[in-house]
$ cat structure24.txt   # compact mmCIF, C-alpha atoms
# COMPACT_ATOMS: atom_id res chain seq x y z
CA MET A 745 -16.69 2.67 -28.59
CA GLN A 746 -16.39 3.91 -25.02
CA THR A 747 -16.52 7.67 -24.62
CA PRO A 748 -16.68 9.67 -21.41
CA ALA A 749 -19.55 12.11 -20.89
CA ALA A 750 -18.70 15.70 -21.82
CA PHE A 751 -16.64 17.81 -19.40
CA ASP A 752 -14.54 20.95 -19.31
CA TYR A 753 -10.78 20.49 -19.27
CA GLU A 754 -8.28 22.64 -17.45
CA ARG A 755 -4.54 22.23 -17.21
CA ALA A 756 -3.24 23.21 -13.79
CA THR A 757 -0.13 25.35 -13.41
CA SER A 758 0.12 25.37 -9.60
CA VAL A 759 -1.17 23.50 -6.55
CA ASP A 760 -2.86 26.68 -5.30
CA GLY A 761 -4.53 27.01 -8.69
CA VAL A 762 -5.88 23.44 -8.41
CA ILE A 763 -7.39 24.16 -5.00
CA ALA A 764 -8.91 27.45 -6.16
CA SER A 765 -10.40 25.71 -9.18
CA LEU A 766 -11.77 22.84 -7.05
CA GLN A 767 -13.38 25.37 -4.71
CA LYS A 768 -14.93 27.26 -7.58
CA THR A 769 -16.27 24.22 -9.41
CA GLY A 770 -17.51 22.22 -6.43
CA ALA A 771 -18.29 18.51 -6.33
CA GLY A 772 -18.40 18.14 -10.14
CA ALA A 773 -14.67 18.68 -10.40
CA ARG A 774 -12.10 15.90 -10.45
CA VAL A 775 -8.34 15.96 -10.57
CA ILE A 776 -6.73 13.79 -13.24
CA ALA A 777 -3.13 12.56 -13.04
CA GLY A 778 -2.22 9.29 -14.78
CA GLY A 779 -5.88 8.74 -15.55
CA HIS A 780 -5.64 4.95 -15.58
CA SER A 781 -8.44 4.52 -13.04
CA LEU A 782 -10.45 7.67 -13.67
CA LEU A 783 -10.67 7.50 -17.48
CA PRO A 784 -11.90 3.87 -17.55
CA MET A 785 -14.54 4.81 -14.94
CA MET A 786 -15.54 7.84 -17.00
CA LYS A 787 -15.85 5.70 -20.13
CA LEU A 788 -18.19 3.37 -18.22
CA ARG A 789 -20.04 6.46 -16.88
CA LEU A 790 -19.33 5.28 -13.34
CA ALA A 791 -17.65 8.67 -12.89
CA ASN A 792 -19.13 11.74 -14.58
CA PRO A 793 -17.10 14.78 -13.62
CA THR A 794 -18.15 18.02 -15.29
CA HIS A 795 -14.71 19.59 -14.89
CA LEU A 796 -11.32 17.88 -15.14
CA ILE A 797 -8.19 19.46 -13.73
CA ASP A 798 -5.06 17.95 -15.29
CA ILE A 799 -2.17 18.10 -12.80
CA ASN A 800 0.43 16.35 -14.97
CA ASP A 801 2.45 19.55 -15.42
CA LEU A 802 2.96 20.01 -11.65
CA GLY A 803 6.53 18.71 -11.54
CA GLU A 804 6.83 19.92 -7.94
CA LEU A 805 4.57 16.99 -6.96
CA SER A 806 6.92 14.40 -8.48
CA PHE A 807 9.78 13.42 -6.16
CA ILE A 808 11.13 10.74 -3.84
CA ARG A 809 13.51 12.06 -1.20
CA GLU A 810 14.68 11.62 2.37
CA GLN A 811 14.08 14.68 4.53
CA ASP A 812 13.74 15.28 8.29
CA GLY A 813 13.78 11.57 9.13
CA GLU A 814 11.10 10.67 6.60
CA ILE A 815 10.84 9.31 3.10
CA ARG A 816 8.70 11.81 1.20
CA ILE A 817 6.98 10.87 -2.03
CA GLY A 818 5.16 13.44 -4.17
CA ALA A 819 1.62 12.52 -5.17
CA LEU A 820 2.40 12.77 -8.89
CA THR A 821 5.28 10.27 -8.66
CA ARG A 822 4.63 7.56 -11.23
CA HIS A 823 4.73 3.81 -10.64
CA VAL A 824 7.81 3.49 -12.86
CA ASP A 825 9.71 5.93 -10.65
CA LEU A 826 8.68 4.11 -7.47
CA LEU A 827 9.89 0.87 -9.07
CA LYS A 828 13.27 2.30 -10.07
CA SER A 829 13.98 4.31 -6.91
CA GLU A 830 17.15 3.09 -5.21
CA LEU A 831 16.26 5.11 -2.10
CA LEU A 832 12.97 3.20 -1.73
CA ALA A 833 14.59 -0.13 -2.58
CA ARG A 834 17.07 0.47 0.24
CA THR A 835 14.68 1.84 2.86
CA PHE A 836 11.30 0.26 2.01
CA PRO A 837 11.82 -2.57 -0.52
CA ILE A 838 8.09 -3.31 -0.18
CA PHE A 839 7.54 -0.64 -2.85
CA ARG A 840 9.67 -2.48 -5.41
CA ASP A 841 7.92 -5.77 -4.52
CA ALA A 842 4.55 -4.13 -5.22
CA GLU A 843 5.56 -2.13 -8.26
CA THR A 844 6.85 -5.16 -10.15
CA VAL A 845 3.31 -6.62 -9.96
CA ILE A 846 1.14 -3.50 -10.36
CA ALA A 847 -0.52 -3.53 -13.80
CA ASP A 848 2.11 -3.65 -16.58
CA PRO A 849 5.15 -1.51 -17.49
CA VAL A 850 3.21 0.62 -19.98
CA VAL A 851 0.49 1.46 -17.46
CA ARG A 852 3.20 2.07 -14.85
CA ASN A 853 4.59 4.83 -17.08
CA ARG A 854 1.41 6.84 -16.41
CA GLY A 855 -0.20 5.82 -13.12
CA THR A 856 0.75 7.73 -9.96
CA ILE A 857 0.91 6.98 -6.24
CA GLY A 858 -1.48 9.83 -5.45
CA GLY A 859 -4.00 8.59 -7.99
CA SER A 860 -3.75 5.02 -6.72
CA LEU A 861 -4.31 6.05 -3.10
CA CYS A 862 -7.17 8.44 -3.90
CA GLN A 863 -8.91 5.82 -6.04
CA ALA A 864 -8.97 3.73 -2.83
CA ASP A 865 -9.83 0.52 -4.65
CA ALA A 866 -9.67 -2.32 -2.11
CA ALA A 867 -7.74 -4.43 -4.62
CA GLU A 868 -5.09 -1.80 -5.20
CA ASP A 869 -1.62 -2.63 -3.86
CA LEU A 870 -0.13 0.72 -2.78
CA SER A 871 -2.92 1.41 -0.28
CA ALA A 872 -1.92 -1.69 1.66
CA VAL A 873 1.77 -0.94 1.22
CA CYS A 874 1.36 2.57 2.65
CA SER A 875 -0.74 1.22 5.52
CA ALA A 876 1.88 -1.38 6.41
CA VAL A 877 4.77 1.10 6.48
CA LYS A 878 2.72 3.48 8.68
CA ALA A 879 2.71 6.25 6.09
CA ASP A 880 0.86 9.52 6.54
CA VAL A 881 -0.54 11.51 3.65
CA VAL A 882 -0.45 15.28 3.30
CA ILE A 883 -3.70 16.83 2.12
CA ARG A 884 -3.80 20.45 1.06
CA GLY A 885 -6.83 22.71 1.00
CA ALA A 886 -7.53 26.43 1.04
CA ALA A 887 -6.87 26.58 4.78
CA GLY A 888 -3.49 24.88 4.49
CA GLU A 889 -2.11 21.40 4.92
CA ARG A 890 -3.22 18.58 7.16
CA ARG A 891 -1.54 15.27 7.76
CA VAL A 892 -3.56 12.09 8.25
CA SER A 893 -2.68 8.46 8.88
CA MET A 894 -3.65 5.79 6.35
CA GLU A 895 -6.27 4.53 8.80
CA GLU A 896 -7.97 7.94 8.84
CA PHE A 897 -7.39 8.34 5.10
CA HIS A 898 -9.41 5.22 4.24
CA VAL A 899 -13.02 6.23 4.86
CA GLY A 900 -14.78 3.51 2.85
CA PRO A 901 -14.86 1.79 -0.54
CA TYR A 902 -13.42 4.22 -3.12
CA THR A 903 -13.73 6.94 -0.48
CA THR A 904 -10.94 8.82 1.26
CA ALA A 905 -10.50 11.69 3.69
CA VAL A 906 -9.65 14.04 0.79
CA GLY A 907 -12.43 16.62 0.59
CA ASP A 908 -14.01 18.10 -2.54
CA ALA A 909 -11.74 21.16 -2.49
CA GLU A 910 -8.58 19.37 -1.39
CA LEU A 911 -5.59 17.75 -3.08
CA LEU A 912 -3.41 14.92 -1.82
CA THR A 913 0.11 16.24 -2.29
CA GLU A 914 2.50 13.90 -0.52
CA VAL A 915 3.09 10.58 1.19
CA ARG A 916 5.43 10.60 4.18
CA ILE A 917 6.95 7.54 5.79
CA PRO A 918 8.88 7.84 9.05
CA VAL A 919 12.34 6.25 8.90
CA ARG A 920 13.08 4.26 12.04
CA PRO A 921 15.84 1.79 12.88
CA GLY A 922 15.55 -1.92 12.17
CA ALA A 923 12.95 -1.70 9.41
CA GLY A 924 12.11 -4.53 7.04
CA SER A 925 9.16 -4.70 4.66
CA ALA A 926 7.69 -6.94 1.95
CA HIS A 927 4.63 -7.30 -0.29
CA GLU A 928 3.21 -10.65 -1.46
CA LYS A 929 0.56 -10.93 -4.15
CA VAL A 930 -1.15 -13.72 -6.03
CA GLU A 931 -2.79 -12.83 -9.34
CA ARG A 932 -4.35 -14.88 -12.11
CA ARG A 933 -2.06 -13.52 -14.82
CA ALA A 934 0.56 -10.79 -15.29
CA GLY A 935 -0.85 -7.34 -14.63
CA ASP A 936 -4.16 -8.46 -13.15
CA TRP A 937 -5.70 -7.29 -9.89
CA ALA A 938 -4.77 -9.40 -6.89
CA ILE A 939 -6.76 -12.45 -5.83
CA ALA A 940 -5.26 -11.47 -2.50
CA ALA A 941 -2.18 -9.51 -1.45
CA ALA A 942 -0.48 -8.88 1.88
CA SER A 943 1.83 -6.02 2.87
CA ALA A 944 3.97 -6.28 5.98
CA ALA A 945 6.52 -4.12 7.75
CA VAL A 946 8.39 -4.77 10.98
CA TRP A 947 10.80 -2.65 12.97
CA ILE A 948 13.10 -4.88 15.02
CA GLU A 949 15.02 -3.54 18.01
CA ASP A 950 17.17 -5.72 20.28
CA GLY A 951 15.78 -8.87 18.69
CA ARG A 952 12.13 -7.94 19.27
CA ILE A 953 9.49 -6.43 17.06
CA ALA A 954 9.13 -2.85 18.31
CA GLU A 955 6.45 -1.99 15.76
CA ALA A 956 4.62 -3.84 12.99
CA GLY A 957 2.30 -2.95 10.14
CA VAL A 958 0.17 -5.47 8.25
CA ALA A 959 -2.50 -4.77 5.62
CA LEU A 960 -4.37 -6.75 2.97
CA SER A 961 -5.58 -5.97 -0.55
CA ALA A 962 -8.54 -7.44 -2.45
CA VAL A 963 -10.12 -9.35 0.43
CA GLY A 964 -12.72 -6.87 1.65
CA LEU A 965 -14.60 -3.73 0.69
CA THR A 966 -11.63 -1.58 1.65
CA THR A 967 -7.93 -2.09 2.32
CA ILE A 968 -7.83 -4.19 5.50
CA HIS A 969 -5.69 -2.86 8.35
CA LEU A 970 -4.83 -5.90 10.47
CA SER A 971 -4.61 -4.18 13.85
CA ARG A 972 -5.11 -7.43 15.79
CA ALA A 973 -2.10 -8.95 14.03
CA GLU A 974 -0.04 -5.83 14.73
CA GLU A 975 -0.91 -6.04 18.44
CA LEU A 976 0.09 -9.71 18.51
CA LEU A 977 3.47 -8.95 16.92
CA ARG A 978 4.51 -5.98 19.06
CA GLY A 979 7.10 -6.87 21.67
CA GLN A 980 7.59 -10.43 20.40
CA ALA A 981 10.69 -12.02 18.95
CA PRO A 982 10.23 -12.93 15.27
CA SER A 983 9.55 -16.64 14.78
CA PRO A 984 7.82 -18.91 12.26
CA GLU A 985 5.16 -19.73 14.88
CA LEU A 986 4.45 -16.05 15.54
CA PHE A 987 4.11 -15.28 11.83
CA ALA A 988 1.86 -18.32 11.35
CA GLN A 989 -0.38 -16.97 14.13
CA ALA A 990 -0.50 -13.57 12.40
CA GLY A 991 -1.51 -15.40 9.23
CA GLU A 992 -4.39 -17.03 11.09
CA ILE A 993 -5.57 -13.60 12.20
CA ALA A 994 -5.38 -12.40 8.58
CA SER A 995 -7.51 -15.34 7.44
CA SER A 996 -10.17 -14.62 10.01
CA ASP A 997 -10.15 -10.78 9.95
CA CYS A 998 -10.51 -10.36 6.18
CA SER A 999 -13.91 -10.36 4.48
CA PRO A 1000 -13.53 -11.53 0.89
CA THR A 1001 -16.39 -12.18 -1.51
CA ALA A 1002 -16.58 -15.02 -4.02
CA ASP A 1003 -16.02 -13.97 -7.62
CA GLY A 1004 -14.20 -15.06 -10.77
CA ARG A 1005 -10.94 -14.92 -8.87
CA GLY A 1006 -12.00 -17.59 -6.40
CA PRO A 1007 -14.28 -18.67 -3.55
CA VAL A 1008 -14.23 -17.19 -0.04
CA ASP A 1009 -12.41 -20.05 1.71
CA TYR A 1010 -9.63 -20.01 -0.89
CA LYS A 1011 -9.16 -16.24 -0.52
CA ARG A 1012 -9.09 -16.48 3.28
CA HIS A 1013 -6.49 -19.22 3.07
CA LEU A 1014 -4.46 -17.16 0.60
CA ALA A 1015 -4.61 -14.02 2.79
CA GLY A 1016 -3.20 -16.05 5.69
CA VAL A 1017 -0.39 -17.67 3.70
CA LEU A 1018 0.60 -14.37 2.08
CA THR A 1019 0.61 -12.55 5.43
CA THR A 1020 2.92 -15.17 6.93
CA ARG A 1021 5.22 -15.00 3.89
CA ALA A 1022 5.30 -11.19 3.85
CA LEU A 1023 6.13 -11.04 7.57
CA THR A 1024 8.83 -13.68 7.19
CA ARG A 1025 10.47 -11.82 4.33
CA ALA A 1026 10.08 -8.41 6.05
CA SER A 1027 11.76 -9.79 9.15
CA GLU A 1028 14.64 -11.31 7.13
CA ARG A 1029 15.14 -7.95 5.46
CA ALA A 1030 15.09 -6.14 8.80
CA ARG A 1031 17.96 -8.32 9.90
CA SER A 1032 20.02 -7.91 6.76
CA GLN A 1033 19.31 -4.30 5.84
CA GLY A 1034 17.58 -2.52 8.71
CA VAL A 1035 17.11 1.16 7.99
CA GLY A 1036 19.19 3.73 9.82
CA ALA A 1037 20.25 1.22 12.48
CA MET B 703 -11.02 23.45 -27.29
CA ASN B 704 -8.03 23.87 -29.54
CA VAL B 705 -5.10 21.48 -29.11
CA SER B 706 -1.78 21.22 -30.82
CA ILE B 707 0.13 17.94 -30.58
CA SER B 708 3.44 16.94 -32.12
CA ILE B 709 3.00 13.59 -33.84
CA ASN B 710 6.07 12.07 -35.51
CA GLY B 711 7.66 15.51 -35.59
CA GLU B 712 4.69 17.20 -37.23
CA ARG B 713 2.51 19.64 -35.32
CA ILE B 714 -1.17 18.76 -35.66
CA THR B 715 -3.65 21.42 -34.53
CA ARG B 716 -7.33 20.76 -34.26
CA GLU B 717 -10.50 21.84 -32.52
CA ILE B 718 -11.68 18.96 -30.32
CA GLU B 719 -14.03 18.08 -27.50
CA PRO B 720 -12.00 17.64 -24.29
CA ARG B 721 -13.28 14.06 -24.03
CA LEU B 722 -11.57 12.96 -27.25
CA LEU B 723 -9.11 10.16 -26.54
CA LEU B 724 -5.56 10.39 -27.88
CA VAL B 725 -5.95 7.19 -29.93
CA HIS B 726 -8.83 8.73 -31.89
CA PHE B 727 -7.00 12.04 -32.37
CA ILE B 728 -4.07 10.15 -33.89
CA ARG B 729 -6.23 7.97 -36.14
CA ASP B 730 -8.71 10.64 -37.24
CA THR B 731 -6.84 13.84 -37.94
CA PRO B 732 -3.48 12.99 -39.42
CA GLY B 733 -5.11 9.69 -40.50
CA LEU B 734 -2.39 7.62 -38.89
CA THR B 735 -4.38 4.41 -38.61
CA GLY B 736 -1.31 2.32 -37.81
CA THR B 737 -2.05 2.90 -34.13
CA HIS B 738 -4.73 0.31 -33.44
CA TRP B 739 -7.73 0.82 -31.23
CA GLY B 740 -8.42 -2.42 -29.41
CA CYS B 741 -9.93 -3.12 -26.02
CA ASP B 742 -10.51 0.52 -24.98
CA THR B 743 -9.71 -0.50 -21.38
CA SER B 744 -5.89 -0.29 -21.30
CA ASN B 745 -5.58 -4.07 -21.22
CA CYS B 746 -4.58 -5.06 -24.76
CA GLY B 747 -1.77 -2.67 -25.70
CA ALA B 748 -2.67 -2.37 -29.41
CA CYS B 749 -2.82 1.44 -29.04
CA VAL B 750 0.65 1.92 -27.54
CA VAL B 751 2.51 5.00 -28.76
CA LEU B 752 5.58 6.73 -27.38
CA LEU B 753 4.96 9.84 -25.25
CA ASP B 754 8.25 11.71 -24.92
CA GLY B 755 9.93 8.36 -25.61
CA ALA B 756 8.01 6.24 -23.09
CA PRO B 757 5.35 3.71 -24.17
CA VAL B 758 1.81 4.69 -23.12
CA LYS B 759 -1.66 3.37 -23.94
CA SER B 760 -3.29 6.05 -26.09
CA CYS B 761 -6.83 4.79 -25.34
CA THR B 762 -6.38 5.82 -21.73
CA MET B 763 -5.14 9.32 -22.27
CA LEU B 764 -7.05 12.38 -23.41
CA ALA B 765 -5.77 14.09 -26.53
CA ALA B 766 -5.77 17.31 -24.51
CA MET B 767 -3.28 15.77 -22.10
CA ALA B 768 -0.79 15.23 -24.94
CA GLU B 769 -0.48 18.90 -25.83
CA GLY B 770 3.09 20.03 -25.40
CA HIS B 771 4.41 16.47 -25.68
CA GLU B 772 6.06 14.49 -28.47
CA ILE B 773 4.06 11.51 -29.73
CA ARG B 774 5.68 8.81 -31.87
CA THR B 775 3.55 6.26 -33.69
CA VAL B 776 4.38 3.11 -35.63
CA GLU B 777 4.45 5.14 -38.86
CA SER B 778 7.64 6.85 -37.65
CA LEU B 779 9.65 3.63 -37.48
CA GLU B 780 10.52 3.37 -41.18
CA VAL B 781 12.59 6.30 -42.40
CA ASP B 782 13.40 6.82 -46.12
CA GLY B 783 13.07 3.18 -46.96
CA VAL B 784 15.07 1.97 -44.00
CA LEU B 785 13.10 -0.23 -41.67
CA ASP B 786 13.59 0.14 -37.96
CA PRO B 787 15.42 -2.91 -36.58
CA VAL B 788 12.23 -3.77 -34.69
CA GLN B 789 10.25 -3.90 -37.95
CA LYS B 790 12.95 -5.92 -39.64
CA GLY B 791 13.06 -8.30 -36.68
CA PHE B 792 9.30 -8.84 -36.85
CA HIS B 793 9.68 -9.57 -40.57
CA GLU B 794 12.66 -11.90 -40.23
CA LEU B 795 11.23 -13.93 -37.38
CA HIS B 796 7.58 -13.99 -38.41
CA ALA B 797 6.46 -12.14 -35.30
CA LEU B 798 2.95 -11.41 -36.52
CA GLN B 799 0.01 -13.45 -37.66
CA CYS B 800 -3.16 -11.32 -37.82
CA GLY B 801 -1.15 -8.15 -37.15
CA PHE B 802 -3.58 -6.43 -34.83
CA CYS B 803 -1.28 -6.25 -31.81
CA THR B 804 1.78 -5.53 -33.97
CA PRO B 805 1.91 -1.69 -33.86
CA GLY B 806 1.62 -1.69 -30.07
CA MET B 807 4.14 -4.50 -29.71
CA MET B 808 6.61 -2.73 -31.98
CA MET B 809 6.30 0.63 -30.22
CA THR B 810 6.65 -1.07 -26.84
CA ALA B 811 9.76 -2.80 -28.19
CA ARG B 812 11.16 0.48 -29.55
CA GLY B 813 10.64 2.12 -26.14
CA LEU B 814 12.34 -0.81 -24.41
CA LEU B 815 15.38 -0.84 -26.73
CA ASP B 816 15.82 2.93 -26.47
CA GLU B 817 16.10 2.54 -22.71
CA ASN B 818 17.80 -0.85 -22.58
CA PRO B 819 19.56 -1.73 -25.85
CA ASP B 820 20.51 -5.26 -24.77
CA PRO B 821 17.52 -6.72 -22.88
CA THR B 822 17.39 -10.31 -21.67
CA GLU B 823 14.53 -12.55 -22.75
CA GLN B 824 12.89 -12.02 -19.35
CA GLU B 825 13.21 -8.24 -19.63
CA ILE B 826 11.55 -8.40 -23.06
CA ARG B 827 8.72 -10.57 -21.70
CA THR B 828 8.16 -8.14 -18.83
CA ALA B 829 8.22 -5.13 -21.18
CA ILE B 830 5.54 -6.57 -23.48
CA SER B 831 3.38 -7.91 -20.65
CA GLY B 832 1.00 -5.00 -21.22
CA GLY B 833 0.27 -6.25 -24.74
CA ILE B 834 -1.99 -9.11 -25.73
CA CYS B 835 -1.36 -11.14 -28.89
CA ARG B 836 -4.54 -13.14 -29.39
CA CYS B 837 -2.82 -15.28 -32.02
CA THR B 838 -0.55 -16.19 -29.05
CA GLY B 839 2.58 -15.56 -31.07
CA TYR B 840 4.62 -14.33 -28.12
CA LYS B 841 7.59 -16.60 -28.73
CA ASN B 842 8.34 -15.07 -32.10
CA ILE B 843 7.67 -11.54 -30.85
CA VAL B 844 10.24 -12.01 -28.09
CA ALA B 845 12.70 -13.47 -30.63
CA ALA B 846 12.08 -10.53 -33.01
CA ILE B 847 12.82 -7.97 -30.30
CA ARG B 848 15.96 -9.87 -29.39
CA TRP B 849 16.91 -9.86 -33.11
CA ALA B 850 16.40 -6.09 -33.18
CA ALA B 851 18.70 -5.72 -30.17
CA GLU B 852 21.36 -7.68 -32.03
CA HIS B 853 20.95 -5.66 -35.26
CA PRO B 854 20.68 -2.08 -33.98
CA ASN B 855 21.63 -0.32 -37.21
CA GLY B 856 18.61 -0.93 -39.41
CA VAL B 857 18.59 -2.71 -42.73
CA LYS B 858 17.95 -1.13 -46.12
CA GLU B 859 14.74 -2.56 -47.53
CA GLU B 860 12.51 -1.98 -50.49
CA VAL B 861 9.45 -0.26 -48.99
CA HIS B 862 6.26 -0.15 -50.99
CA ALA B 863 4.15 2.96 -50.61

$ encode --input "structure24.txt" --output "structure tokens"
Amino acid sequence: MQTPAAFDYERATSVDGVIASLQKTGAGARVIAGGHSLLPMMKLRLANPTHLIDINDLGELSFIREQDGEIRIGALTRHVDLLKSELLARTFPIFRDAETVIADPVVRNRGTIGGSLCQADAAEDLSAVCSAVKADVVIRGAAGERRVSMEEFHVGPYTTAVGDAELLTEVRIPVRPGAGSAHEKVERRAGDWAIAAASAAVWIEDGRIAEAGVALSAVGLTTIHLSRAEELLRGQAPSPELFAQAGEIASSDCSPTADGRGPVDYKRHLAGVLTTRALTRASERARSQGVGA
Amino acid sequence: MNVSISINGERITREIEPRLLLVHFIRDTPGLTGTHWGCDTSNCGACVVLLDGAPVKSCTMLAAMAEGHEIRTVESLEVDGVLDPVQKGFHELHALQCGFCTPGMMMTARGLLDENPDPTEQEIRTAISGGICRCTGYKNIVAAIRWAAEHPNGVKEEVHA
């Protein structure tokens, strides 16, 4: 029987209350939302918080809406809602691609985008998705809100820019013309972590890629931001050769380790193939359903 | 701490440690051992119950988190001798062998049919992908859920206490 170590439990009634409680309790406090990463870690005693703050009642953190030229997603928004959102399917279909292959439908009823991002597991899909679409996250603390890019947000393995007395409240994605996005994942069986996964977004203007985002899951210690591939793509016209070249960069710039999911050369190969496929599909989508064009 | 949880329409109040998992609360206090406790890692789906109508894995939720919510377990499916169509479907189509995954499979099926009364085979397979049947009897489970979709009005059965 797996049982977490003892802790105090508090149910939050406001975001300000969460921050005040985090400040008071210090580093022993953890916020719990869906709990599908934190509770398993607590059962294994890999995480031993002394104080849990349950934010599941904070309905104001659960939303997906378009506002001021951005898609805004509340941190408490659950996987099932990301999967079903027509707004996201229309603007950033990469979310639906990812959500159909994240865990299983029962887990998706509980897990949240904020929890997934804050867990910052390198094999987790939404971290790469948010990196590819150039999302920012909003982090709130006692002094107010700050907004950081996904690159700044990812500090290291399982480590983010969210401080001890701060709460991630929102994900914001700028809406720009000509967008297309896609996520490609290979897993051993339904609901498993990725062997490798690639997220890609392109913004095409006048037949050329004005901006691109590419990120990889499960092939390094953290989510891999493929900045060299993004540089290659900017200003170019989409083509199979270009996307194959980006795939080669993905193969060389990832740093997978051998494990039960496969050896290093296989994972490098997979990262390349999936990057090329994701870019190809993102570019097709940009042509057929570019956002706000 | 003191928690009060509605399980199958009955309010259960108990003093617990905050670390108590929902699956153990359900099995220990009202003694509803129909909800099975399997892998403990949210992989197997034997512990699935409905939380405000949506299937969740009760091994990966604290009992304290369920306060203020409605929990439905497998024991709520049969009402006054009338089997739920899902139960009847599992019976008709021999959708269980050892029976360990059955409560979770049936509650997942109930949640699916409440949301989508006429699911395709693929939709059923996706819905139960969070459950593991180690007897590998998936084919009959899928057929049973499809049977339940086609017989939504329950069937009067002799139920033994």

$ atom_distance --input "structure24.txt" --atom1 "atom CA of Val1008 of chain A" --atom2 "atom CA of Ala988 of chain A"
19.7 Å

$ interface_residues --input "structure24.txt" --of "chain B" --to "chain A" --cutoff "8 Å" --atoms "only C-alpha atoms" --output "list in words"
Glu719, Pro720, Arg721, Leu722, Asp742, Thr743, Ser744, Ala756, Pro757, Val758, Lys759, Thr762, Met763, Ala766, Met767, Thr810, Thr828, Ala829, Ile830, Ser831 and Gly832 of chain B

$ residues_around --input "structure24.txt" --residues "Ala938 of chain A" --least-positions-apart "6" --cutoff "8 Å" --atoms "all atoms listed in the file" --output "list in words"
Ala867, Glu868, Lys929, Val930, Glu931, Arg932, Ser961 and Ala962 of chain A

$ closest_residue --input "structure24.txt" --among "A:Leu1018, A:Asp908, A:Lys828, A:Gly859" --to "Pro793 of chain A" --atoms "only C-alpha atoms"
A:Asp908

$ residues_around --input "structure24.txt" --residues "Ala876 of chain A" --least-positions-apart "2" --cutoff "10 Å" --atoms "only C-alpha atoms" --output "PyMOL selection string"
chain A and resi 838+870-874+878-879+894+925-927+942-946+956-960+969-970+974

$ residues_near_point --input "structure24.txt" --point "(8.2, 2.9, -34.4)" --cutoff "8 Å" --atoms "all atoms listed in the file" --output "list in words"
Arg774, Thr775, Val776, Glu777, Ser778, Leu779, Glu780, Asp786, Val788, Gln789, Pro805, Met808, Met809 and Arg812 of chain B

$ atom_distance --input "structure24.txt" --atom1 "atom CA of Phe836 of chain A" --atom2 "atom CA of Pro918 of chain A"
10.6 Å

$ residues_around --input "structure24.txt" --residues "Thr821 of chain A" --least-positions-apart "4" --cutoff "8 Å" --atoms "all atoms listed in the file" --output "list in words"
Leu805, Ser806, Phe807, Ile808, Ile817, Asp825, Leu826, Thr856, Ile857 and Gly858 of chain A

$ residues_around --input "structure24.txt" --residues "Asp754 of chain B" --least-positions-apart "3" --cutoff "10 Å" --atoms "all atoms listed in the file" --output "PyMOL selection string"
chain B and resi 751+757-758+768+770-774+813

$ build_atoms --input "structure24.txt" --residues "segment 836-847 of chain B" --atoms "N, CA and C atoms" --output "PDB file, in the frame of the given file"
ATOM      1  N   ARG B 836      -3.517 -12.087 -29.491  1.00  0.00           N
ATOM      2  CA  ARG B 836      -4.540 -13.140 -29.390  1.00  0.00           C
ATOM      3  C   ARG B 836      -4.238 -14.315 -30.302  1.00  0.00           C
ATOM      4  N   CYS B 837      -3.309 -14.138 -31.242  1.00  0.00           N
ATOM      5  CA  CYS B 837      -2.820 -15.280 -32.020  1.00  0.00           C
ATOM      6  C   CYS B 837      -1.834 -16.095 -31.170  1.00  0.00           C
ATOM      7  N   THR B 838      -1.490 -15.574 -29.998  1.00  0.00           N
ATOM      8  CA  THR B 838      -0.550 -16.190 -29.050  1.00  0.00           C
ATOM      9  C   THR B 838       0.850 -16.383 -29.643  1.00  0.00           C
ATOM     10  N   GLY B 839       1.267 -15.419 -30.436  1.00  0.00           N
ATOM     11  CA  GLY B 839       2.580 -15.560 -31.070  1.00  0.00           C
ATOM     12  C   GLY B 839       3.711 -14.950 -30.273  1.00  0.00           C
ATOM     13  N   TYR B 840       3.637 -15.032 -28.967  1.00  0.00           N
ATOM     14  CA  TYR B 840       4.620 -14.330 -28.120  1.00  0.00           C
ATOM     15  C   TYR B 840       6.046 -14.779 -28.367  1.00  0.00           C
ATOM     16  N   LYS B 841       6.228 -16.075 -28.600  1.00  0.00           N
ATOM     17  CA  LYS B 841       7.590 -16.600 -28.730  1.00  0.00           C
ATOM     18  C   LYS B 841       8.341 -15.884 -29.841  1.00  0.00           C
ATOM     19  N   ASN B 842       7.671 -15.738 -30.981  1.00  0.00           N
ATOM     20  CA  ASN B 842       8.340 -15.070 -32.100  1.00  0.00           C
ATOM     21  C   ASN B 842       8.490 -13.573 -31.871  1.00  0.00           C
ATOM     22  N   ILE B 843       7.549 -12.974 -31.157  1.00  0.00           N
ATOM     23  CA  ILE B 843       7.670 -11.540 -30.850  1.00  0.00           C
ATOM     24  C   ILE B 843       8.902 -11.301 -29.981  1.00  0.00           C
ATOM     25  N   VAL B 844       9.070 -12.138 -28.973  1.00  0.00           N
ATOM     26  CA  VAL B 844      10.240 -12.010 -28.090  1.00  0.00           C
ATOM     27  C   VAL B 844      11.513 -12.203 -28.904  1.00  0.00           C
ATOM     28  N   ALA B 845      11.505 -13.202 -29.798  1.00  0.00           N
ATOM     29  CA  ALA B 845      12.700 -13.470 -30.630  1.00  0.00           C
ATOM     30  C   ALA B 845      12.975 -12.286 -31.560  1.00  0.00           C
ATOM     31  N   ALA B 846      11.912 -11.663 -32.083  1.00  0.00           N
ATOM     32  CA  ALA B 846      12.080 -10.530 -33.010  1.00  0.00           C
ATOM     33  C   ALA B 846      12.705  -9.337 -32.294  1.00  0.00           C
ATOM     34  N   ILE B 847      12.273  -9.109 -31.056  1.00  0.00           N
ATOM     35  CA  ILE B 847      12.820  -7.970 -30.300  1.00  0.00           C
ATOM     36  C   ILE B 847      14.280  -8.245 -29.959  1.00  0.00           C
TER      37      ILE B 847
END
